[in-house]
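Colleague: Got a structure for you, written out below as structure tokens; questions coming shortly.
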Amino acid sequence: VYDDWGGRAATRAWWLLTDHGHADVRVLDGGWSWWIRSGQDVETGEARPGEGDFAPAPVHHLPVVDADGAARVAREGVLLDARAPERYRGESEPVDPVAGHVPGAVNVPTAANLDDGRFRPVAELAEVYARAQGAEEVAAYCGSGVTATHDLFALALLGRRAALYPASWSGWVADPGRPVETM
């Protein structure tokens, strides 16, 4: 899978396909922009691919957490917030009615995974995710459950499996009784 958005949509497709049982999902590192910039061949015109044979499995193959699970991971493990730092700190919130982050969450924005539009080398990603590497349980969230998969993919490159909190920040703040932290 590929996109032209720094891998954010491609990693969401990777996560969804993997979660539904596809055994061999790959992400084009650097996406369409890198493909063009590196002089690779392209086609124009209408494409008519053949019919596929993938049948999604009815059970999840990847771990997920709900709001209570996200709060528990923030206390006992490492909960990653993949949003931009200003959203995490509560300085700006362009989508949801409340700004801030889940108490105890650690900010690792998707941009930290990239260097010139491609995923950083594994050694550099290991530094970015050093705190998560030592934790027993790790989960990630973002604004609405799309870009957190970018952090999950980076962790997968390190051989680390982590859970997704699909409802993410939008789901967290939908309950006014949930605590919010700002910096």
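Simple scheme: letters A, B, ... for chains in structure tokens order, numbers from 1 for residues in each chain, numbers from 1 for ligands in the order shown.
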Give me, as a list in words, all polymer residues having an atom no more than 12 Å from Gly21 in chain A, counting only C-alpha atoms and skipping those fewer than 4 positions away in the same chain.

Modeller: Trp14, Trp15, Leu16, Leu17, Val25, Phe54, Ala55, Pro56, Ala57, Pro58, Val59, His60, His61 and Leu62 of chain A

Colleague: Take the residues from that selection and write them out as a compact mmCIF listing (two decimals), in the first residue's frame, keeping N, CA, C and O atoms.

Modeller:
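selection.txt was written with the following content:
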# COMPACT_ATOMS: atom_id res chain seq x y z
N TRP A 14 -2.41 -0.73 6.08
CA TRP A 14 -1.62 -1.86 6.58
C TRP A 14 -2.26 -2.44 7.84
O TRP A 14 -2.43 -3.65 7.96
N TRP A 15 -2.61 -1.54 8.78
CA TRP A 15 -3.17 -2.01 10.04
C TRP A 15 -4.52 -2.70 9.82
O TRP A 15 -4.76 -3.79 10.35
N LEU A 16 -5.40 -2.09 9.04
CA LEU A 16 -6.73 -2.67 8.80
C LEU A 16 -6.64 -4.03 8.11
O LEU A 16 -7.31 -4.98 8.52
N LEU A 17 -5.81 -4.12 7.08
CA LEU A 17 -5.68 -5.39 6.36
C LEU A 17 -5.07 -6.47 7.26
O LEU A 17 -5.53 -7.60 7.28
N VAL A 25 1.03 -7.79 4.04
CA VAL A 25 0.76 -6.39 3.69
C VAL A 25 2.07 -5.63 3.77
O VAL A 25 2.79 -5.72 4.77
N PHE A 54 -8.93 -12.04 -1.27
CA PHE A 54 -8.83 -11.83 0.17
C PHE A 54 -10.22 -11.81 0.80
O PHE A 54 -11.09 -11.08 0.37
N ALA A 55 -10.39 -12.63 1.82
CA ALA A 55 -11.64 -12.66 2.59
C ALA A 55 -11.30 -12.25 4.02
O ALA A 55 -10.60 -12.98 4.72
N PRO A 56 -11.77 -11.08 4.46
CA PRO A 56 -11.43 -10.63 5.81
C PRO A 56 -11.94 -11.59 6.88
O PRO A 56 -13.03 -12.14 6.79
N ALA A 57 -11.09 -11.79 7.88
CA ALA A 57 -11.44 -12.66 9.01
C ALA A 57 -12.37 -11.90 9.96
O ALA A 57 -12.23 -10.70 10.13
N PRO A 58 -13.28 -12.61 10.60
CA PRO A 58 -14.23 -11.95 11.50
C PRO A 58 -13.64 -11.60 12.87
O PRO A 58 -14.28 -10.92 13.66
N VAL A 59 -12.41 -12.05 13.16
CA VAL A 59 -11.79 -11.77 14.46
C VAL A 59 -10.60 -10.84 14.26
O VAL A 59 -9.98 -10.83 13.20
N HIS A 60 -10.29 -10.08 15.29
CA HIS A 60 -9.14 -9.19 15.24
C HIS A 60 -7.84 -9.98 15.35
O HIS A 60 -7.73 -10.90 16.15
N HIS A 61 -6.86 -9.59 14.54
CA HIS A 61 -5.54 -10.20 14.61
C HIS A 61 -4.52 -9.29 15.29
O HIS A 61 -3.41 -9.71 15.56
N LEU A 62 -4.91 -8.05 15.54
CA LEU A 62 -4.02 -7.09 16.21
C LEU A 62 -4.70 -6.61 17.49
O LEU A 62 -5.92 -6.50 17.55

Colleague: At a cut-off of 10 Å, can you tabulate as a tab-separated table every residue of range 2-97 of chain A near range 139-142 of chain A together with its closest atom pair and the distance in Å to one decimal, using only C-alpha atoms and ordering rows by chain then number?

Modeller:
residue	atom	partner	partner_atom	distance
A:Pro63	CA	A:Ala139	CA	8.7
A:Val64	CA	A:Ala139	CA	7.9
A:Val65	CA	A:Ala139	CA	7.5
A:Gly69	CA	A:Ala139	CA	8.9
A:Ala70	CA	A:Ala139	CA	7.0
A:Val73	CA	A:Ala139	CA	6.8
A:Ala74	CA	A:Ala139	CA	8.4
A:Gly77	CA	A:Ala139	CA	8.3
A:Val78	CA	A:Ala139	CA	6.6
A:Leu79	CA	A:Ala139	CA	5.0
A:Leu80	CA	A:Ala140	CA	4.4
A:Asp81	CA	A:Tyr141	CA	5.2
A:Ala82	CA	A:Cys142	CA	4.9
A:Arg83	CA	A:Cys142	CA	5.2
A:Ala84	CA	A:Cys142	CA	9.0
A:Arg87	CA	A:Cys142	CA	9.8
A:Tyr88	CA	A:Cys142	CA	9.2

Colleague: Would you return as a ChimeraX atom specification the members of range 68-124 of chain A that DSSP assigns to strand (DSSP E) on this structure's backbone?

Modeller: /A:78-81,106-107,114-115,118-119

Colleague: Convert the current residue selection to file output with all heavy atoms, as a PDB file, in the first residue's frame.

Modeller:
ATOM      1  N   VAL A  78       3.216   2.168  28.440  1.00  0.00           N
ATOM      2  CA  VAL A  78       3.478   3.391  27.681  1.00  0.00           C
ATOM      3  C   VAL A  78       2.341   3.590  26.688  1.00  0.00           C
ATOM      4  O   VAL A  78       2.122   2.750  25.817  1.00  0.00           O
ATOM      5  CB  VAL A  78       4.830   3.335  26.939  1.00  0.00           C
ATOM      6  CG1 VAL A  78       5.027   4.574  26.080  1.00  0.00           C
ATOM      7  CG2 VAL A  78       5.982   3.195  27.924  1.00  0.00           C
ATOM      8  N   LEU A  79       1.630   4.702  26.849  1.00  0.00           N
ATOM      9  CA  LEU A  79       0.575   5.094  25.913  1.00  0.00           C
ATOM     10  C   LEU A  79       1.125   6.212  25.051  1.00  0.00           C
ATOM     11  O   LEU A  79       1.502   7.274  25.560  1.00  0.00           O
ATOM     12  CB  LEU A  79      -0.683   5.563  26.660  1.00  0.00           C
ATOM     13  CG  LEU A  79      -1.840   6.014  25.778  1.00  0.00           C
ATOM     14  CD1 LEU A  79      -2.367   4.850  24.925  1.00  0.00           C
ATOM     15  CD2 LEU A  79      -2.959   6.604  26.632  1.00  0.00           C
ATOM     16  N   LEU A  80       1.199   5.974  23.750  1.00  0.00           N
ATOM     17  CA  LEU A  80       1.752   6.933  22.805  1.00  0.00           C
ATOM     18  C   LEU A  80       0.655   7.789  22.190  1.00  0.00           C
ATOM     19  O   LEU A  80      -0.362   7.262  21.746  1.00  0.00           O
ATOM     20  CB  LEU A  80       2.493   6.197  21.683  1.00  0.00           C
ATOM     21  CG  LEU A  80       3.613   5.257  22.122  1.00  0.00           C
ATOM     22  CD1 LEU A  80       4.082   4.423  20.943  1.00  0.00           C
ATOM     23  CD2 LEU A  80       4.755   6.045  22.731  1.00  0.00           C
ATOM     24  N   ASP A  81       0.875   9.083  22.152  1.00  0.00           N
ATOM     25  CA  ASP A  81      -0.011  10.029  21.481  1.00  0.00           C
ATOM     26  C   ASP A  81       0.699  10.449  20.198  1.00  0.00           C
ATOM     27  O   ASP A  81       1.751  11.092  20.241  1.00  0.00           O
ATOM     28  CB  ASP A  81      -0.262  11.245  22.382  1.00  0.00           C
ATOM     29  CG  ASP A  81      -1.221  12.258  21.790  1.00  0.00           C
ATOM     30  OD1 ASP A  81      -1.150  12.526  20.570  1.00  0.00           O
ATOM     31  OD2 ASP A  81      -2.033  12.812  22.552  1.00  0.00           O
ATOM     32  N   VAL A 106       2.556   9.696  26.366  1.00  0.00           N
ATOM     33  CA  VAL A 106       3.833  10.218  25.884  1.00  0.00           C
ATOM     34  C   VAL A 106       3.647  10.626  24.426  1.00  0.00           C
ATOM     35  O   VAL A 106       3.099   9.861  23.636  1.00  0.00           O
ATOM     36  CB  VAL A 106       4.923   9.126  25.990  1.00  0.00           C
ATOM     37  CG1 VAL A 106       6.238   9.609  25.410  1.00  0.00           C
ATOM     38  CG2 VAL A 106       5.078   8.657  27.420  1.00  0.00           C
ATOM     39  N   ASN A 107       4.110  11.809  24.079  1.00  0.00           N
ATOM     40  CA  ASN A 107       3.951  12.296  22.709  1.00  0.00           C
ATOM     41  C   ASN A 107       5.067  11.786  21.806  1.00  0.00           C
ATOM     42  O   ASN A 107       6.241  12.059  22.025  1.00  0.00           O
ATOM     43  CB  ASN A 107       3.930  13.829  22.708  1.00  0.00           C
ATOM     44  CG  ASN A 107       3.555  14.424  21.368  1.00  0.00           C
ATOM     45  OD1 ASN A 107       4.141  15.413  20.955  1.00  0.00           O
ATOM     46  ND2 ASN A 107       2.580  13.867  20.693  1.00  0.00           N
ATOM     47  N   LEU A 114       9.792   9.880  10.537  1.00  0.00           N
ATOM     48  CA  LEU A 114      10.216  10.112   9.159  1.00  0.00           C
ATOM     49  C   LEU A 114      11.468  10.964   9.042  1.00  0.00           C
ATOM     50  O   LEU A 114      11.729  11.830   9.870  1.00  0.00           O
ATOM     51  CB  LEU A 114       9.089  10.793   8.378  1.00  0.00           C
ATOM     52  CG  LEU A 114       7.754  10.060   8.305  1.00  0.00           C
ATOM     53  CD1 LEU A 114       6.722  10.909   7.595  1.00  0.00           C
ATOM     54  CD2 LEU A 114       7.918   8.703   7.629  1.00  0.00           C
ATOM     55  N   ASP A 115      12.196  10.722   7.979  1.00  0.00           N
ATOM     56  CA  ASP A 115      13.322  11.545   7.573  1.00  0.00           C
ATOM     57  C   ASP A 115      13.203  11.720   6.070  1.00  0.00           C
ATOM     58  O   ASP A 115      13.287  10.743   5.325  1.00  0.00           O
ATOM     59  CB  ASP A 115      14.641  10.870   7.950  1.00  0.00           C
ATOM     60  CG  ASP A 115      15.852  11.702   7.563  1.00  0.00           C
ATOM     61  OD1 ASP A 115      15.711  12.936   7.399  1.00  0.00           O
ATOM     62  OD2 ASP A 115      16.947  11.120   7.416  1.00  0.00           O
ATOM     63  N   ARG A 118      10.609   9.394   4.370  1.00  0.00           N
ATOM     64  CA  ARG A 118      10.748   7.939   4.502  1.00  0.00           C
ATOM     65  C   ARG A 118      10.932   7.590   5.971  1.00  0.00           C
ATOM     66  O   ARG A 118      11.364   8.419   6.766  1.00  0.00           O
ATOM     67  CB  ARG A 118      11.948   7.447   3.699  1.00  0.00           C
ATOM     68  CG  ARG A 118      11.780   7.739   2.206  1.00  0.00           C
ATOM     69  CD  ARG A 118      12.887   7.164   1.403  1.00  0.00           C
ATOM     70  NE  ARG A 118      12.655   5.726   1.281  1.00  0.00           N
ATOM     71  CZ  ARG A 118      13.549   4.898   0.800  1.00  0.00           C
ATOM     72  NH1 ARG A 118      14.730   5.317   0.415  1.00  0.00           N
ATOM     73  NH2 ARG A 118      13.274   3.614   0.707  1.00  0.00           N
ATOM     74  N   PHE A 119      10.615   6.356   6.322  1.00  0.00           N
ATOM     75  CA  PHE A 119      10.812   5.928   7.699  1.00  0.00           C
ATOM     76  C   PHE A 119      12.301   5.987   8.044  1.00  0.00           C
ATOM     77  O   PHE A 119      13.154   5.638   7.235  1.00  0.00           O
ATOM     78  CB  PHE A 119      10.261   4.515   7.931  1.00  0.00           C
ATOM     79  CG  PHE A 119       8.801   4.519   8.236  1.00  0.00           C
ATOM     80  CD1 PHE A 119       7.865   4.470   7.221  1.00  0.00           C
ATOM     81  CD2 PHE A 119       8.346   4.611   9.544  1.00  0.00           C
ATOM     82  CE1 PHE A 119       6.514   4.505   7.488  1.00  0.00           C
ATOM     83  CE2 PHE A 119       6.994   4.648   9.831  1.00  0.00           C
ATOM     84  CZ  PHE A 119       6.075   4.603   8.802  1.00  0.00           C
TER      85      PHE A 119
END

Colleague: Rounded to one decimal, what separation in Å do you get between CA of Phe153 in chain A and CA of Gly134 in chain A?

Modeller: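 Result for CA of Phe153 in chain A versus CA of Gly134 in chain A: 17.3 Å, one decimal.
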
Colleague: CA of Asp4 in chain A to CA of Val27 in chain A: how many Å, to one decimal?

Modeller: 11.9 Å

Colleague: Quick one: DSSP alpha helix (DSSP H) residues in range 46-181 of chain A, as a short mmCIF file (atom, residue, chain, number, x, y, z; two decimals) with N, CA, C and O atoms, in the first residue's frame?

Modeller:
data_model
loop_
_atom_site.label_atom_id
_atom_site.label_comp_id
_atom_site.auth_asym_id
_atom_site.auth_seq_id
_atom_site.Cartn_x
_atom_site.Cartn_y
_atom_site.Cartn_z
N ALA A 67 -11.16 2.85 26.09
CA ALA A 67 -10.76 3.99 26.92
C ALA A 67 -10.18 3.53 28.26
O ALA A 67 -9.14 4.04 28.70
N ASP A 68 -10.82 2.56 28.89
CA ASP A 68 -10.30 2.07 30.17
C ASP A 68 -8.93 1.42 29.98
O ASP A 68 -8.03 1.59 30.79
N GLY A 69 -8.78 0.69 28.90
CA GLY A 69 -7.49 0.07 28.60
C GLY A 69 -6.41 1.10 28.31
O GLY A 69 -5.26 0.95 28.73
N ALA A 70 -6.78 2.17 27.59
CA ALA A 70 -5.82 3.24 27.31
C ALA A 70 -5.36 3.90 28.61
O ALA A 70 -4.17 4.16 28.80
N ALA A 71 -6.29 4.16 29.51
CA ALA A 71 -5.94 4.76 30.80
C ALA A 71 -5.02 3.83 31.60
O ALA A 71 -4.04 4.29 32.21
N ARG A 72 -5.31 2.55 31.57
CA ARG A 72 -4.48 1.57 32.28
C ARG A 72 -3.07 1.52 31.69
O ARG A 72 -2.07 1.53 32.41
N VAL A 73 -2.98 1.49 30.35
CA VAL A 73 -1.66 1.46 29.69
C VAL A 73 -0.88 2.73 30.03
O VAL A 73 0.33 2.68 30.27
N ALA A 74 -1.55 3.88 30.08
CA ALA A 74 -0.87 5.14 30.43
C ALA A 74 -0.28 5.06 31.85
O ALA A 74 0.78 5.63 32.11
N ARG A 75 -0.96 4.36 32.74
CA ARG A 75 -0.47 4.22 34.13
C ARG A 75 0.60 3.15 34.27
O ARG A 75 1.57 3.32 35.00
N GLU A 76 0.40 2.02 33.58
CA GLU A 76 1.24 0.85 33.83
C GLU A 76 2.24 0.53 32.72
O GLU A 76 3.16 -0.26 32.95
N PRO A 85 2.79 17.92 18.46
CA PRO A 85 3.07 18.35 19.83
C PRO A 85 2.13 19.43 20.37
O PRO A 85 1.74 19.39 21.54
N GLU A 86 1.74 20.39 19.54
CA GLU A 86 0.85 21.45 20.03
C GLU A 86 -0.54 20.94 20.39
O GLU A 86 -1.18 21.45 21.31
N ARG A 87 -0.99 19.90 19.72
CA ARG A 87 -2.26 19.27 20.09
C ARG A 87 -2.10 18.50 21.38
O ARG A 87 -2.95 18.56 22.27
N TYR A 88 -1.02 17.76 21.50
CA TYR A 88 -0.73 17.00 22.72
C TYR A 88 -0.66 17.92 23.93
O TYR A 88 -1.23 17.63 24.98
N ARG A 89 0.04 19.05 23.79
CA ARG A 89 0.20 19.98 24.91
C ARG A 89 -1.08 20.73 25.24
O ARG A 89 -1.19 21.36 26.28
N VAL A 122 16.09 1.77 11.35
CA VAL A 122 15.66 1.08 12.56
C VAL A 122 16.43 1.57 13.79
O VAL A 122 15.83 1.75 14.86
N ALA A 123 17.72 1.82 13.68
CA ALA A 123 18.50 2.29 14.83
C ALA A 123 17.97 3.63 15.34
O ALA A 123 17.90 3.87 16.55
N GLU A 124 17.57 4.51 14.44
CA GLU A 124 17.02 5.81 14.84
C GLU A 124 15.62 5.65 15.44
O GLU A 124 15.28 6.30 16.42
N LEU A 125 14.81 4.77 14.85
CA LEU A 125 13.49 4.51 15.41
C LEU A 125 13.61 3.91 16.82
O LEU A 125 12.80 4.23 17.70
N ALA A 126 14.62 3.10 17.03
CA ALA A 126 14.84 2.52 18.36
C ALA A 126 15.08 3.63 19.38
O ALA A 126 14.62 3.53 20.53
N GLU A 127 15.76 4.69 18.99
CA GLU A 127 15.96 5.83 19.90
C GLU A 127 14.65 6.56 20.15
O GLU A 127 14.36 6.93 21.29
N VAL A 128 13.86 6.77 19.09
CA VAL A 128 12.57 7.46 19.23
C VAL A 128 11.66 6.69 20.18
O VAL A 128 10.95 7.29 21.00
N ALA A 130 12.59 4.36 22.51
CA ALA A 130 13.35 3.71 23.58
C ALA A 130 12.46 3.44 24.80
O ALA A 130 12.51 2.36 25.39
N ARG A 131 11.64 4.40 25.17
CA ARG A 131 10.78 4.23 26.35
C ARG A 131 9.76 3.10 26.14
O ARG A 131 9.48 2.33 27.04
N ALA A 132 9.23 3.01 24.94
CA ALA A 132 8.24 1.97 24.64
C ALA A 132 8.88 0.59 24.55
O ALA A 132 8.25 -0.40 24.89
N GLN A 133 10.13 0.53 24.11
CA GLN A 133 10.79 -0.76 23.96
C GLN A 133 10.91 -1.51 25.28
O GLN A 133 10.82 -2.72 25.31
N ALA A 148 -2.30 7.07 14.38
CA ALA A 148 -1.65 6.26 15.42
C ALA A 148 -1.07 4.99 14.81
O ALA A 148 -0.07 4.45 15.31
N THR A 149 -1.64 4.52 13.72
CA THR A 149 -1.13 3.32 13.07
C THR A 149 0.27 3.55 12.51
O THR A 149 1.02 2.60 12.32
N HIS A 150 0.63 4.81 12.26
CA HIS A 150 1.99 5.16 11.82
C HIS A 150 2.99 4.79 12.91
O HIS A 150 4.04 4.21 12.64
N ASP A 151 2.66 5.14 14.17
CA ASP A 151 3.51 4.76 15.30
C ASP A 151 3.53 3.25 15.47
O ASP A 151 4.57 2.66 15.75
N LEU A 152 2.39 2.61 15.29
CA LEU A 152 2.33 1.15 15.42
C LEU A 152 3.18 0.47 14.35
O LEU A 152 3.84 -0.54 14.61
N PHE A 153 3.18 1.02 13.14
CA PHE A 153 4.01 0.47 12.07
C PHE A 153 5.49 0.65 12.39
O PHE A 153 6.29 -0.28 12.20
N ALA A 154 5.86 1.84 12.89
CA ALA A 154 7.25 2.07 13.28
C ALA A 154 7.68 1.07 14.35
O ALA A 154 8.78 0.51 14.29
N LEU A 155 6.81 0.83 15.31
CA LEU A 155 7.11 -0.17 16.34
C LEU A 155 7.23 -1.57 15.74
O LEU A 155 8.09 -2.36 16.15
N ALA A 156 6.39 -1.88 14.76
CA ALA A 156 6.47 -3.19 14.10
C ALA A 156 7.80 -3.35 13.37
O ALA A 156 8.37 -4.45 13.34
N LEU A 157 8.33 -2.25 12.82
CA LEU A 157 9.65 -2.31 12.18
C LEU A 157 10.72 -2.68 13.20
O LEU A 157 11.75 -3.25 12.85
N SER A 168 -9.47 6.86 19.99
CA SER A 168 -8.48 7.91 20.12
C SER A 168 -8.99 9.14 20.86
O SER A 168 -9.89 9.04 21.69
N TRP A 169 -8.38 10.30 20.59
CA TRP A 169 -8.72 11.51 21.34
C TRP A 169 -10.19 11.88 21.20
O TRP A 169 -10.84 12.28 22.16
N SER A 170 -10.73 11.74 20.01
CA SER A 170 -12.16 12.07 19.80
C SER A 170 -13.04 11.23 20.71
O SER A 170 -14.01 11.73 21.28
N GLY A 171 -12.72 9.96 20.85
CA GLY A 171 -13.49 9.09 21.73
C GLY A 171 -13.26 9.40 23.19
O GLY A 171 -14.18 9.35 24.01
N TRP A 172 -12.01 9.72 23.53
CA TRP A 172 -11.67 10.03 24.93
C TRP A 172 -12.47 11.23 25.42
O TRP A 172 -13.08 11.19 26.48
N VAL A 173 -12.47 12.32 24.65
CA VAL A 173 -13.13 13.55 25.11
C VAL A 173 -14.64 13.52 24.90
O VAL A 173 -15.34 14.44 25.34
#

Colleague: One decimal, Å: what's the distance from CA of Ser92 in chain A over to CA of Pro109 in chain A, could you say?

Modeller: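 Separation between CA of Ser92 in chain A and CA of Pro109 in chain A: 14.7 Å.
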